[in-house]
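Enquirer: Let me begin by handing over the structure; questions about it come next.
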Amino acid sequence: MQVCFDGQRRSIEDVEALATRRATASLSGDPGFRARLRAGAEQVASTLAASGVIYGVTTGYGDSVTSPVPQALVAELPERLFTYHGVGLGPPFGLAETRAILAARLQSLVQGLSGVSEGLLERLTWMLAEDVLPVIPEEGSVGASGDLTPLSYVAAALCGRRQVFDDGRRLDAREALARRGLTPLTLRPKEGLALMNGTAVMTGLACLCFGRARYLSQLAARLTALASFAAWGNPRHYDAALFEAKPHPGQRRVARWIRVDLAQAGGGDLRLQDRYSLRCAPHVIGVVEDTLPWVRTLLEDELNSANDNPLIDPVTGAVMHGGHFYGGHVALAMDTLKNVVANLADLLDRQLALLVDPRYSHGLPANLSGATGARAAVNHGLKALQISSSAWTAEALKLTMPASVFSRSTECHNQDKVSLGTIAARDAARVLQLTEQVFAAHLVATHQAVFLRARLGAAVPGPLRRFLDALALEPIIEDRELDGELRSLCAAISERRWRLDAESE
């Protein structure tokens, strides 16, 4: 698969495919597209030649906009910009995240409104296609004027400065370019600002968060079906007629997924109404399903925007000074996403708590221990797993505090209202990781619970049996360490290895 950057609209799935190396990047050679790119760069040059004023080209940056820059020093500004922004801290973004960031920046620049050269876009495309990736620290962006500090590491790497990941090794950027027979770029006026003054970090991260959240929503429905069967719950809670009375489409869809998984399941006569974590699961998961289309719209509109400042009209030459670097839409999308995803963690953690407690599991042994006879006294089953699941859930819930309302006035009160979109996206990624850990714990627990229910003589519905077989887990008879299995399950969840029937409905 190839993703061709040609100024046309791209999707979240395109970013995901590039981030996971299921697709390679290319830059369109279409003559009209190339002419538009050249026109924007030429407009910058002609404005400079006419002694015109362009923010960040003939002026200082940020609050220093009132400081004119002599023509003789204009060429130095791009390097100065990425140099003084070399203040990022924290661990570096992962390789997939970095690819997503590069894809988001490239998609913005190919709109043709940023005044950058073809050569810059070709080198940025090359970096993505050849997997020579800048080492970008996670921390240091307030999300307006865009992701300045983290994106400075992209600009610096293009110019042979700082470090890159190349073939899995961390190298000086100049050395990595030399190994490929390339020389560092020298950025033209406006190009440093165009690379750095935008929402690429938060947008790239958000695109990856979206895909993970969508999969977790579908997986939550499958795991709810497993928990309902294992707890000998009432399958009538998911009847179609019931959900005709409340027309949220995502909620109805989730009920259908659970209903299909539980077809011909037993139970239902032990308790008229199950506890909320089972009975109301479609209502909880349905909120995610009904939120995702709205989040997609916000993210894809941002992805396909020219979001640096100023913008250069390639036709009229107008220099448009504005604030498109402001990441408020991404911030809200990520604050919302982390909220609804954390609710999935809480839902499944409560289901797990029911399964390990013999007061609520309708005949299953305490802590789902598989040991019998005298051995039962020294085996404790999934007691510790439930504690850890509760810890991961608590941390996820704690992180739902919205980042977008914590604006800080920065940079001499020039950036006096900022989006914090990148912090929101990083929070969302962490909430997703914690939620995937809860899901892994739930998978271990429901696999064990269904094994024990079958040992009591229950017939496991076909969709659930086939899914459990795909997990390749062994029942827990004698206690064993589970961290290795949990890590493997977390990896499988984040990589979406199991195709869920929900995807085709």
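The chains in the structure tokens are called A, B, ... from first to last as shown; in each chain the residues are counted from 1, and the ligands are counted from 1 in the order shown.
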Env of A:Arg105: 9 Å cut, atoms = only C-alpha atoms, seq-sep filter 6 positions within chain, self excluded. Answer as a PyMOL selection string.
Expert: chain A and resi 124+151+195-196+198-201+203-204+303
Enquirer: Which residues are near A:Arg259? Cut-off 8 Å, only C-alpha atoms, ignore same chain within fewer than 4 positions. Put them as a PyMOL selection string.
Expert: chain A and resi 225+235+238-239+255+263
Enquirer: Applying 8 Å and only C-alpha atoms, which residues near A:Pro91 remain after dropping the ones on its own chain fewer than 2 positions away? List them as number ranges by chain.
Expert: A: 89, 93, 137-139
Enquirer: As an exercise, work out the distance from atom CA of A:Ala19 to atom CA of A:Arg99 in Å and give it to one decimal place.
Expert: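 Atom CA of A:Arg99 lies at a distance of 4.8 Å from atom CA of A:Ala19.
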Enquirer: Just the number, please: distance in Å from atom CA of A:Ile285 to atom CA of A:Arg222, one decimal.
Expert: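 Computing it gives 10.9 Å between the two atoms.
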Enquirer: Between A:Glu302, A:Asp416, A:Asp346, A:Glu436, which one has atoms that come closest to A:Arg487, using only C-alpha atoms?
Expert: A:Glu436
Enquirer: Between atom CA of A:Pro134 and atom CA of A:Ala157, measure the distance and give it in Å to one decimal.
Expert: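 Atom-to-atom, atom CA of A:Pro134 to atom CA of A:Ala157, that is 5.8 Å.
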